[in-house]
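Q: Structure file upload-v7.txt (compact mmCIF, C-alpha atoms and all ligand atoms) right here:
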# COMPACT_ATOMS: atom_id res chain seq x y z
CA MET R 1 29.88 -8.19 -52.56
CA ASN R 2 31.30 -8.53 -49.01
CA LYS R 3 28.70 -9.70 -46.56
CA HIS R 4 28.22 -7.78 -43.32
CA PRO R 5 29.02 -10.10 -40.33
CA ALA R 6 25.35 -9.93 -39.31
CA GLN R 7 24.35 -11.27 -42.75
CA SER R 8 26.79 -14.18 -42.49
CA MET R 9 25.11 -15.22 -39.24
CA PHE R 10 21.98 -15.90 -41.27
CA ASP R 11 23.70 -17.63 -44.18
CA LEU R 12 21.28 -20.06 -45.85
CA SER R 13 23.37 -21.05 -48.85
CA GLY R 14 23.15 -24.71 -49.85
CA GLN R 15 20.00 -25.39 -47.81
CA VAL R 16 16.94 -27.05 -49.33
CA ALA R 17 13.59 -25.28 -49.01
CA VAL R 18 10.13 -26.61 -49.83
CA VAL R 19 7.55 -23.88 -50.43
CA THR R 20 3.91 -24.93 -50.81
CA GLY R 21 1.74 -22.56 -52.82
CA GLY R 22 5.15 -21.44 -54.04
CA ALA R 23 3.88 -20.00 -57.31
CA GLY R 24 1.47 -17.58 -55.60
CA VAL R 25 2.05 -13.86 -55.12
CA LEU R 26 3.57 -13.97 -51.63
CA CYS R 27 5.45 -17.24 -51.91
CA ALA R 28 6.86 -16.54 -55.36
CA ALA R 29 8.54 -13.48 -53.81
CA ILE R 30 9.79 -15.69 -50.97
CA CYS R 31 11.10 -18.29 -53.46
CA ARG R 32 12.96 -15.64 -55.48
CA CYS R 33 14.49 -14.25 -52.32
CA LEU R 34 15.55 -17.70 -51.05
CA ALA R 35 17.11 -18.50 -54.43
CA GLU R 36 19.07 -15.22 -54.26
CA GLN R 37 20.43 -16.46 -50.91
CA GLU R 38 21.64 -19.61 -52.75
CA VAL R 39 18.93 -21.84 -51.30
CA LYS R 40 17.70 -24.75 -53.46
CA VAL R 41 13.99 -24.16 -53.80
CA ALA R 42 11.27 -26.76 -54.44
CA ILE R 43 8.19 -24.86 -55.61
CA LEU R 44 5.11 -26.98 -54.85
CA ASP R 45 1.85 -25.75 -56.31
CA ILE R 46 -1.44 -27.13 -57.56
CA ASN R 47 -0.84 -24.85 -60.54
CA ASN R 48 2.08 -26.82 -61.97
CA GLN R 49 2.55 -24.54 -64.98
CA ALA R 50 3.03 -21.52 -62.72
CA ALA R 51 5.44 -23.55 -60.53
CA ASP R 52 7.49 -24.58 -63.58
CA ARG R 53 7.50 -21.01 -64.91
CA LEU R 54 8.87 -19.69 -61.63
CA ALA R 55 11.46 -22.48 -61.38
CA ASN R 56 12.68 -21.66 -64.91
CA GLU R 57 12.82 -17.96 -64.09
CA ILE R 58 14.99 -18.71 -61.02
CA ILE R 59 17.26 -21.07 -62.98
CA ARG R 60 17.69 -18.45 -65.76
CA VAL R 61 19.20 -16.01 -63.26
CA GLY R 62 21.55 -18.63 -61.82
CA GLY R 63 19.50 -20.08 -58.95
CA GLU R 64 18.50 -23.68 -58.24
CA ALA R 65 14.81 -24.57 -58.28
CA ILE R 66 12.32 -27.23 -59.30
CA GLY R 67 8.61 -26.86 -59.91
CA ILE R 68 6.50 -29.72 -58.53
CA SER R 69 2.80 -30.30 -59.07
CA CYS R 70 1.26 -30.90 -55.63
CA ASP R 71 -2.13 -30.64 -53.94
CA VAL R 72 -1.52 -30.00 -50.24
CA CYS R 73 -5.00 -31.33 -49.41
CA ASN R 74 -4.03 -34.75 -50.73
CA ARG R 75 -1.55 -36.80 -48.70
CA PRO R 76 -0.38 -39.09 -51.55
CA SER R 77 0.32 -35.97 -53.64
CA LEU R 78 2.44 -34.55 -50.77
CA GLU R 79 4.28 -37.89 -50.38
CA ALA R 80 5.04 -37.96 -54.12
CA ALA R 81 6.36 -34.38 -53.96
CA ALA R 82 8.54 -35.30 -50.95
CA GLY R 83 9.97 -38.21 -52.97
CA GLN R 84 10.82 -35.83 -55.81
CA VAL R 85 12.58 -33.37 -53.48
CA THR R 86 14.65 -36.01 -51.68
CA GLY R 87 15.37 -37.73 -55.02
CA THR R 88 16.79 -34.42 -56.30
CA TRP R 89 18.53 -32.90 -53.29
CA GLY R 90 18.49 -35.64 -50.63
CA ARG R 91 17.02 -33.66 -47.73
CA VAL R 92 14.78 -30.80 -46.59
CA ASP R 93 15.94 -28.02 -44.26
CA LEU R 94 13.15 -25.51 -44.54
CA LEU R 95 9.40 -25.88 -45.11
CA ILE R 96 7.24 -22.85 -45.86
CA ASN R 97 3.51 -23.58 -45.88
CA GLY R 98 2.19 -20.91 -48.19
CA ALA R 99 -0.68 -22.75 -49.88
CA GLY R 100 -3.81 -21.14 -48.53
CA GLY R 101 -6.48 -18.62 -49.24
CA ASN R 102 -10.16 -17.87 -49.44
CA ARG R 103 -12.90 -18.44 -52.04
CA PRO R 104 -15.68 -16.16 -53.24
CA LEU R 105 -18.35 -18.73 -52.22
CA ALA R 106 -16.99 -18.75 -48.65
CA THR R 107 -17.41 -14.95 -48.46
CA THR R 108 -20.63 -13.28 -47.33
CA ARG R 109 -22.11 -10.45 -49.42
CA PRO R 110 -25.55 -8.91 -49.88
CA GLU R 111 -26.67 -11.70 -52.23
CA LEU R 112 -25.03 -14.55 -50.23
CA SER R 113 -25.73 -14.58 -46.50
CA PHE R 114 -23.71 -16.45 -43.90
CA PHE R 115 -26.65 -18.88 -43.55
CA ASP R 116 -26.41 -19.86 -47.21
CA LEU R 117 -22.64 -20.25 -47.60
CA PRO R 118 -22.33 -23.67 -49.25
CA ALA R 119 -20.70 -26.40 -47.15
CA ASP R 120 -18.36 -27.53 -49.94
CA ALA R 121 -16.87 -24.02 -50.28
CA LEU R 122 -16.48 -23.75 -46.48
CA GLU R 123 -14.85 -27.17 -46.29
CA ALA R 124 -12.51 -26.38 -49.18
CA VAL R 125 -11.25 -23.19 -47.50
CA PHE R 126 -10.93 -24.87 -44.13
CA ASN R 127 -9.10 -27.89 -45.54
CA LEU R 128 -6.73 -25.87 -47.70
CA ASN R 129 -5.61 -23.62 -44.87
CA ILE R 130 -5.62 -26.08 -41.95
CA MET R 131 -5.25 -29.58 -43.34
CA GLY R 132 -2.94 -28.39 -46.12
CA THR R 133 -0.61 -26.99 -43.46
CA ILE R 134 -0.88 -29.90 -41.01
CA MET R 135 -0.38 -32.61 -43.64
CA ALA R 136 2.61 -30.85 -45.21
CA CYS R 137 4.16 -30.64 -41.70
CA GLN R 138 3.57 -34.38 -41.27
CA VAL R 139 5.07 -35.41 -44.60
CA PHE R 140 8.06 -33.02 -44.75
CA GLY R 141 8.44 -32.87 -40.96
CA ARG R 142 9.19 -36.61 -40.86
CA LEU R 143 12.07 -36.08 -43.32
CA MET R 144 13.37 -33.12 -41.35
CA MET R 145 13.48 -35.04 -38.07
CA ALA R 146 16.33 -37.15 -39.47
CA GLU R 147 18.54 -34.02 -39.47
CA LYS R 148 17.40 -32.96 -35.96
CA LYS R 149 17.66 -29.39 -37.22
CA ALA R 150 15.03 -27.72 -39.31
CA THR R 151 12.76 -24.74 -39.74
CA ILE R 152 9.05 -24.72 -40.51
CA LEU R 153 7.31 -21.47 -41.32
CA ASN R 154 3.51 -21.45 -41.53
CA ILE R 155 1.50 -18.61 -42.99
CA SER R 156 -1.29 -17.41 -40.76
CA SER R 157 -3.02 -14.05 -41.19
CA MET R 158 -3.92 -10.93 -39.24
CA ASN R 159 -7.43 -12.41 -39.48
CA ALA R 160 -6.34 -14.98 -36.92
CA PHE R 161 -6.04 -12.28 -34.27
CA ARG R 162 -8.93 -10.05 -35.30
CA PRO R 163 -11.51 -11.72 -37.53
CA LEU R 164 -12.46 -9.36 -40.31
CA THR R 165 -15.81 -8.99 -42.01
CA ARG R 166 -17.21 -11.45 -44.55
CA ILE R 167 -14.71 -14.33 -44.39
CA PRO R 168 -15.72 -16.48 -41.41
CA VAL R 169 -14.08 -19.79 -42.23
CA TYR R 170 -10.85 -18.31 -43.58
CA SER R 171 -10.45 -16.39 -40.31
CA ALA R 172 -11.24 -19.49 -38.22
CA ALA R 173 -8.85 -21.62 -40.24
CA LYS R 174 -6.00 -19.11 -39.91
CA ALA R 175 -6.62 -18.92 -36.13
CA GLY R 176 -6.21 -22.69 -36.27
CA VAL R 177 -2.93 -22.33 -38.16
CA SER R 178 -1.58 -20.00 -35.44
CA ASN R 179 -2.70 -22.40 -32.71
CA PHE R 180 -1.29 -25.46 -34.50
CA THR R 181 2.04 -23.64 -35.07
CA GLN R 182 2.48 -23.11 -31.33
CA TRP R 183 1.53 -26.71 -30.60
CA LEU R 184 3.94 -28.12 -33.19
CA ALA R 185 6.81 -25.88 -32.04
CA VAL R 186 6.58 -27.28 -28.51
CA HIS R 187 5.94 -30.85 -29.63
CA LEU R 188 8.92 -31.08 -31.99
CA ALA R 189 11.27 -29.29 -29.59
CA GLN R 190 10.28 -31.55 -26.69
CA GLU R 191 10.08 -34.85 -28.52
CA TYR R 192 12.76 -34.52 -31.21
CA SER R 193 15.23 -31.65 -30.97
CA PRO R 194 15.39 -28.09 -29.62
CA ALA R 195 17.12 -27.16 -32.91
CA ILE R 196 13.81 -27.51 -34.78
CA ARG R 197 11.98 -24.21 -35.05
CA VAL R 198 8.35 -23.78 -35.99
CA ASN R 199 7.01 -20.28 -36.49
CA ALA R 200 4.28 -18.48 -38.37
CA ILE R 201 3.98 -15.10 -39.99
CA ALA R 202 0.68 -13.21 -40.11
CA PRO R 203 0.52 -10.92 -43.14
CA GLY R 204 -1.92 -8.06 -43.45
CA PHE R 205 -3.38 -7.32 -46.88
CA PHE R 206 -1.85 -7.53 -50.30
CA VAL R 207 -3.54 -8.52 -53.53
CA GLY R 208 -3.03 -12.23 -54.24
CA GLU R 209 -4.96 -14.37 -56.71
CA GLN R 210 -7.07 -15.94 -53.93
CA ASN R 211 -8.34 -12.59 -52.59
CA ARG R 212 -8.33 -10.32 -55.65
CA SER R 213 -12.13 -10.32 -55.87
CA LEU R 214 -12.37 -9.55 -52.15
CA LEU R 215 -9.90 -6.66 -52.08
CA MET R 216 -10.74 -5.02 -55.40
CA ASN R 217 -14.00 -3.88 -56.93
CA GLU R 218 -14.81 -4.66 -60.55
CA ASP R 219 -13.75 -1.16 -61.64
CA GLY R 220 -10.27 -1.77 -60.14
CA SER R 221 -10.86 0.44 -57.07
CA LEU R 222 -9.92 -0.94 -53.65
CA SER R 223 -12.46 -2.44 -51.26
CA PHE R 224 -11.50 -2.17 -47.57
CA PHE R 225 -12.89 -4.24 -44.75
CA CYS R 226 -12.28 -4.29 -41.04
CA ALA R 227 -13.40 -5.87 -37.77
CA ILE R 228 -16.59 -3.82 -37.50
CA ASP R 229 -17.82 -3.14 -40.99
CA GLU R 230 -16.63 -2.65 -44.49
CA GLY R 231 -14.21 0.29 -44.43
CA LEU R 232 -14.16 3.57 -46.32
CA VAL R 233 -11.12 5.09 -47.93
CA PHE R 234 -10.67 8.58 -46.42
CA THR R 235 -7.09 9.26 -47.39
CA VAL R 236 -5.00 7.80 -50.15
CA ALA R 237 -1.31 8.29 -49.49
CA ARG R 238 0.76 9.85 -52.26
CA PRO R 239 3.97 7.94 -52.83
CA GLN R 240 7.22 9.88 -52.59
CA ASP R 241 10.44 9.04 -54.37
CA MET R 242 11.51 6.06 -52.23
CA LEU R 243 15.24 6.55 -52.76
CA ARG R 244 15.21 10.22 -51.90
CA SER R 245 12.88 9.95 -48.91
CA THR R 246 14.85 7.02 -47.43
CA GLU R 247 18.15 8.87 -47.91
CA GLU R 248 16.71 12.02 -46.35
CA ALA R 249 15.41 10.04 -43.36
CA LEU R 250 18.77 8.30 -42.85
CA ASP R 251 20.63 11.62 -43.22
CA ALA R 252 18.37 13.26 -40.65
CA ILE R 253 18.96 10.40 -38.20
CA GLY R 254 22.72 10.57 -38.87
CA ASP R 255 22.71 14.31 -38.10
CA GLU R 256 20.97 13.63 -34.82
CA ILE R 257 23.30 10.88 -33.59
CA GLY R 258 26.62 12.13 -34.95
CA GLY R 259 26.81 9.84 -37.98
CA ILE R 260 25.40 6.35 -38.44
CA ASP R 261 27.53 3.31 -37.56
CA LEU R 262 24.90 0.60 -38.07
CA VAL R 263 21.15 0.40 -38.55
CA ILE R 264 19.24 -2.78 -37.72
CA GLY R 265 16.32 -2.27 -40.06
CA PHE R 266 12.96 -3.95 -40.66
CA ASP R 267 11.86 -3.11 -44.16
CA CYS R 268 8.38 -4.07 -45.36
CA VAL R 269 8.67 -6.53 -48.24
CA LEU R 270 6.19 -4.38 -50.17
CA ARG R 271 8.81 -1.62 -50.29
CA ARG R 272 11.18 -4.10 -51.88
CA LEU R 273 8.55 -5.19 -54.43
CA ASP R 274 7.83 -1.55 -55.11
CA ALA R 275 11.56 -0.92 -55.61
CA GLU R 276 11.68 -3.88 -58.02
CA ASN R 277 8.73 -2.53 -59.99
CA ARG R 278 10.38 0.87 -60.22
CA GLN R 279 13.69 -0.78 -61.12
CA ILE R 280 15.53 0.95 -58.29
CA ARG R 281 16.18 -2.14 -56.15
CA HIS R 282 19.94 -2.06 -56.68
CA GLN R 283 20.07 1.64 -55.89
CA MET R 284 18.12 0.97 -52.67
CA GLU R 285 20.56 -1.83 -51.78
CA ASP R 286 23.52 0.51 -52.40
CA LEU R 287 21.89 3.10 -50.21
CA TYR R 288 21.36 0.61 -47.38
CA GLN R 289 24.94 -0.55 -47.70
CA ARG R 290 26.24 3.01 -47.60
CA TYR R 291 24.40 3.67 -44.35
CA GLY R 292 25.22 0.26 -42.80
CA VAL R 293 21.63 -0.97 -42.81
CA VAL R 294 21.25 -4.71 -42.08
CA GLY R 295 18.17 -6.63 -41.02
CA PHE R 296 15.01 -8.27 -42.28
CA HIS R 297 12.10 -7.86 -44.60
CA THR R 298 8.80 -7.76 -42.72
CA TYR R 299 5.13 -7.52 -43.60
CA GLY R 300 4.74 -3.99 -42.28
CA GLU R 301 3.91 -2.93 -38.75
CA GLN R 302 1.01 -3.33 -36.39
CA PHE R 303 0.11 0.08 -34.94
CA ASN R 304 -2.58 -0.42 -32.26
CA ALA R 305 -5.50 -1.89 -34.22
CA MET R 306 -4.10 -0.84 -37.57
CA HIS R 307 -1.79 -2.75 -39.85
CA LEU R 308 0.52 -0.54 -41.89
CA ASN R 309 2.38 -1.67 -44.95
CA GLN R 310 5.37 -0.15 -46.75
CA THR R 311 7.13 0.78 -43.51
CA LEU R 312 10.84 0.89 -42.67
CA THR R 313 11.56 0.81 -38.96
CA GLY R 314 14.82 0.15 -37.19
CA ILE R 315 17.38 0.99 -34.57
CA ALA R 316 20.25 3.26 -35.56
CA PHE R 317 23.56 3.16 -33.73
CA GLY R 318 25.62 6.35 -33.76
CA LYS R 319 29.35 6.51 -34.34
CA ARG R 320 31.69 6.69 -31.34
CA ALA R 321 32.75 10.24 -30.62
CA SER R 322 36.34 9.22 -31.56
CA GLN R 323 35.14 8.05 -35.04
CA THR R 324 33.38 11.32 -35.83
CA ARG R 325 36.37 13.56 -35.23
N1 LIG O 401 -2.97 -11.82 -49.75
C1 LIG O 401 -3.15 -11.46 -48.50
O1 LIG O 401 -3.57 -10.34 -48.21
C2 LIG O 401 -2.86 -12.44 -47.40
C3 LIG O 401 -2.99 -11.99 -46.07
C4 LIG O 401 -2.72 -12.89 -45.05
C5 LIG O 401 -2.33 -14.18 -45.31
N2 LIG O 401 -2.22 -14.58 -46.61
C6 LIG O 401 -1.82 -15.97 -46.83
O2 LIG O 401 -0.59 -15.99 -47.54
C7 LIG O 401 -0.52 -17.18 -48.35
C8 LIG O 401 -0.26 -16.79 -49.80
O3 LIG O 401 -1.32 -15.96 -50.24
P1 LIG O 401 -1.31 -15.13 -51.62
O4 LIG O 401 -2.16 -13.94 -51.40
O5 LIG O 401 0.08 -14.98 -52.10
O6 LIG O 401 -2.15 -16.15 -52.51
P2 LIG O 401 -2.07 -16.59 -54.03
O7 LIG O 401 -3.44 -17.01 -54.41
O8 LIG O 401 -1.37 -15.59 -54.88
O9 LIG O 401 -1.15 -17.88 -53.86
C9 LIG O 401 -1.62 -19.09 -53.34
C10 LIG O 401 -0.95 -20.22 -54.12
O10 LIG O 401 -1.38 -21.46 -53.55
C11 LIG O 401 -1.67 -22.35 -54.60
N3 LIG O 401 -2.62 -23.36 -54.13
C12 LIG O 401 -3.95 -23.22 -53.95
N4 LIG O 401 -4.48 -24.38 -53.53
C13 LIG O 401 -3.45 -25.25 -53.44
C14 LIG O 401 -3.38 -26.63 -53.08
N5 LIG O 401 -4.47 -27.32 -52.72
N6 LIG O 401 -2.17 -27.23 -53.10
C15 LIG O 401 -1.06 -26.54 -53.48
N7 LIG O 401 -1.08 -25.26 -53.86
C16 LIG O 401 -2.27 -24.61 -53.83
C17 LIG O 401 -2.25 -21.47 -55.71
O11 LIG O 401 -2.16 -22.11 -56.99
C18 LIG O 401 -1.38 -20.23 -55.59
O12 LIG O 401 -0.24 -20.33 -56.42
C19 LIG O 401 -1.86 -17.89 -48.14
O13 LIG O 401 -1.72 -18.85 -47.12
C20 LIG O 401 -2.77 -16.78 -47.68
O14 LIG O 401 -3.87 -17.26 -46.95
C21 LIG O 401 -2.46 -13.75 -47.65
Turn the structure described in the file into structure tokens.
A:
Amino acid sequence: MNKHPAQSMFDLSGQVAVVTGGAGVLCAAICRCLAEQEVKVAILDINNQAADRLANEIIRVGGEAIGISCDVCNRPSLEAAAGQVTGTWGRVDLLINGAGGNRPLATTRPELSFFDLPADALEAVFNLNIMGTIMACQVFGRLMMAEKKATILNISSMNAFRPLTRIPVYSAAKAGVSNFTQWLAVHLAQEYSPAIRVNAIAPGFFVGEQNRSLLMNEDGSLSFFCAIDEGLVFTVARPQDMLRSTEEALDAIGDEIGGIDLVIGFDCVLRRLDAENRQIRHQMEDLYQRYGVVGFHTYGEQFNAMHLNQTLTGIAFGKRASQTR
């Protein structure tokens, strides 16, 4: 497949990525996507069986990956993992700090008040999210400094900006991750190289292993929570045929601007997962190619105080009048 020039600008092929918590729901999707872009992926996870399973899955479809058992809260374990990555591929270009999450015992509920949350559960959540991120940046960051060019991506949360009900220490820890990310970005750029980038993403909600019991009730229904109180579900959206609705939307835009030349699009990664589940991913990709859509996967959109998933937003450029004749 010919790459659009905009895609070539973001070519990652041959780079080495380390993804902590790489076998989890979010980071497994990131690992698969990196491998599709011909990135060599080291999947670090405390669940070594899940890490190996994912690495084998990636290798089966032609990618390069290794699963490595690693506890991000333990510096010697991180050092050992770093040794394995450099022993295999010689360097690290990209670090994604995905290991994180909450625990039921660090979550308030009618039978467990804030005053009784046990210290060991609070410490475990705090350490995993904050120390697990900071120590991984120390260990892999040192290796990256040799290249003077690197990217670190931390995973914060919308909780960092607006603490939600019931999960006090998770929210505080993720606020710390956002703060630390900004500090590290400036520190590495000033002290080492301006070609080192440190950023964070702040996802909204999706069901991962660490928050399944928080987001879903025992009967499988969804539990919503917000900044003020636990939420109520008033409206459940009915999904439309994704292919048809996207094509109709692009057609309508094309009619308005005299044909589409290029769309810079921001497509929520949940749409892609949905397309994979429905086995229409290739058809969606063909559709995007037909309409000249290039761009990024996102984690939805923030609309005032509300986070919306499954969105596709973008900027469409119309054809020149001379092209439409
Ligand atoms: N799910 C959400 O709604 C949501 C929202 C915002 C942010 N996040 C963040 O995104 C990241 C991924 O979340 P997810 O929902 O995919 O979680 P997940 O539970 O599916 O994945 C987390 C992974 O981290 C691994 N892990 C746990 N402790 C570890 C340790 N000490 N060392 C190494 N690996 C460890 C787990 O084995 C698991 O594979 C986390 O940082 C989470 O806080 C998730």
Q: Write out as a PDB file with C-alpha atoms, in the coordinates of the input the residues lying within 9 Å of Val25 of chain R, counting only C-alpha atoms and excluding same-chain residues fewer than 5 positions away.
A:
ATOM      1  CA  ILE R  30       9.790 -15.690 -50.970  1.00  0.00           C
ATOM      2  CA  PHE R 206      -1.850  -7.530 -50.300  1.00  0.00           C
ATOM      3  CA  VAL R 207      -3.540  -8.520 -53.530  1.00  0.00           C
ATOM      4  CA  GLY R 208      -3.030 -12.230 -54.240  1.00  0.00           C
ATOM      5  CA  GLU R 209      -4.960 -14.370 -56.710  1.00  0.00           C
TER       6      GLU R 209
END
Q: Would you please work out which residue, of R:Asn309, R:Gln49, R:Ser193, R:Gln210, is nearest to Thr107 of chain R when using all atoms listed in the file?
A: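 Among R:Asn309, R:Gln49, R:Ser193, R:Gln210, it is R:Gln210 that comes nearest to Thr107 of chain R.
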Q: Please provide as a PyMOL selection string all residues within 7 Å of segment 156-158 of chain R, with the sequence filter that same-chain residues fewer than 6 positions apart are discarded (counting all atoms listed in the file).
A: chain R and resi 174+177-178+200-204
Q: Go through chain R residue by residue and, counting all atoms listed in the file, keep those with an atom at most 8 Å from ligand LIG 401 (chain O); for each kept residue give the shortest atom pair and its distance in Å to one decimal, ordered by chain and increasing number, as CSV.
A:
residue,atom,partner,partner_atom,distance
R:Thr20,CA,O:LIG401,N7,5.9
R:Gly21,CA,O:LIG401,O10,3.4
R:Gly22,CA,O:LIG401,O12,6.0
R:Ala23,CA,O:LIG401,O12,4.2
R:Gly24,CA,O:LIG401,O9,3.2
R:Val25,CA,O:LIG401,O5,3.8
R:Leu26,CA,O:LIG401,O5,3.7
R:Cys27,CA,O:LIG401,O5,5.8
R:Ala28,CA,O:LIG401,O5,7.7
R:Leu44,CA,O:LIG401,C15,6.3
R:Asp45,CA,O:LIG401,N7,3.9
R:Ile46,CA,O:LIG401,C15,4.1
R:Asn47,CA,O:LIG401,O11,4.7
R:Ala50,CA,O:LIG401,O12,7.2
R:Ala51,CA,O:LIG401,O12,7.7
R:Ser69,CA,O:LIG401,C15,7.8
R:Cys70,CA,O:LIG401,C15,5.4
R:Asp71,CA,O:LIG401,N6,3.5
R:Val72,CA,O:LIG401,N6,4.0
R:Cys73,CA,O:LIG401,N5,5.2
R:Asn74,CA,O:LIG401,N5,7.7
R:Asn97,CA,O:LIG401,O13,7.2
R:Gly98,CA,O:LIG401,O13,4.5
R:Ala99,CA,O:LIG401,O10,4.0
R:Gly100,CA,O:LIG401,O13,3.4
R:Gly101,CA,O:LIG401,O14,3.7
R:Asn102,CA,O:LIG401,O14,6.8
R:Leu128,CA,O:LIG401,N5,5.7
R:Asn129,CA,O:LIG401,O13,6.6
R:Gly132,CA,O:LIG401,N5,6.9
R:Ile155,CA,O:LIG401,O13,5.2
R:Ser156,CA,O:LIG401,C5,5.7
R:Ser157,CA,O:LIG401,C4,4.0
R:Met158,CA,O:LIG401,C4,6.2
R:Asn159,CA,O:LIG401,C4,7.3
R:Tyr170,CA,O:LIG401,O14,7.8
R:Lys174,CA,O:LIG401,O14,7.6
R:Ala202,CA,O:LIG401,C4,6.0
R:Pro203,CA,O:LIG401,C4,4.2
R:Gly204,CA,O:LIG401,C3,4.8
R:Phe205,CA,O:LIG401,O1,3.3
R:Phe206,CA,O:LIG401,O1,3.9
R:Val207,CA,O:LIG401,N1,5.1
R:Gly208,CA,O:LIG401,O4,3.4
R:Glu209,CA,O:LIG401,O7,3.8
R:Gln210,CA,O:LIG401,O7,3.8
R:Asn211,CA,O:LIG401,N1,6.1
Q: Skipping near chain neighbours, those fewer than 2 positions away, what residues fall within 12 Å of Gly14 of chain R using only C-alpha atoms, listed as a ChimeraX atom specification?
A: /R:11-12,16-17,34-41,63-65,89-94
Q: Which residue out of R:Thr311, R:Ser77, R:Ala29, R:Asn199 has the minimum interatomic distance to Leu54 of chain R when all atoms listed in the file are used?
A: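 Under the stated criterion, the closest residue is R:Ala29.
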Q: Might you pull out every residue within 12 Å of Arg271 of chain R, with all atoms listed in the file counted and same-chain residues fewer than 3 positions away left off, and present them as a PyMOL selection string?
A: chain R and resi 239-243+246+266-268+274-281+284-285+297-300+308-313
Q: Quick one: pull the distance between atom CA of Tyr288 of chain R and atom CA of Gln15 of chain R, Å, one decimal.
A: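 Pair atom CA of Tyr288 of chain R / atom CA of Gln15 of chain R returns 26.0 Å.
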Q: Go through R:Gln138, R:Glu147, R:Thr133, R:Lys319 and flag the residue nearest Pro194 of chain R, using only C-alpha atoms for the distances.
A: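 For Pro194 of chain R, the nearest of the candidates is R:Glu147.
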Q: In Å, how far is it from atom CA of Ala150 of chain R to atom CA of Ala195 of chain R?
A: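 Calculated distance between atom CA of Ala150 of chain R and atom CA of Ala195 of chain R is 6.8 Å.
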Q: Could you list, as number ranges by chain, every residue within 10 Å of segment 253-263 of chain R, counting all atoms listed in the file and ignoring same-chain residues fewer than 6 positions away?
A: R: 247, 288-295, 313-321, 323-325
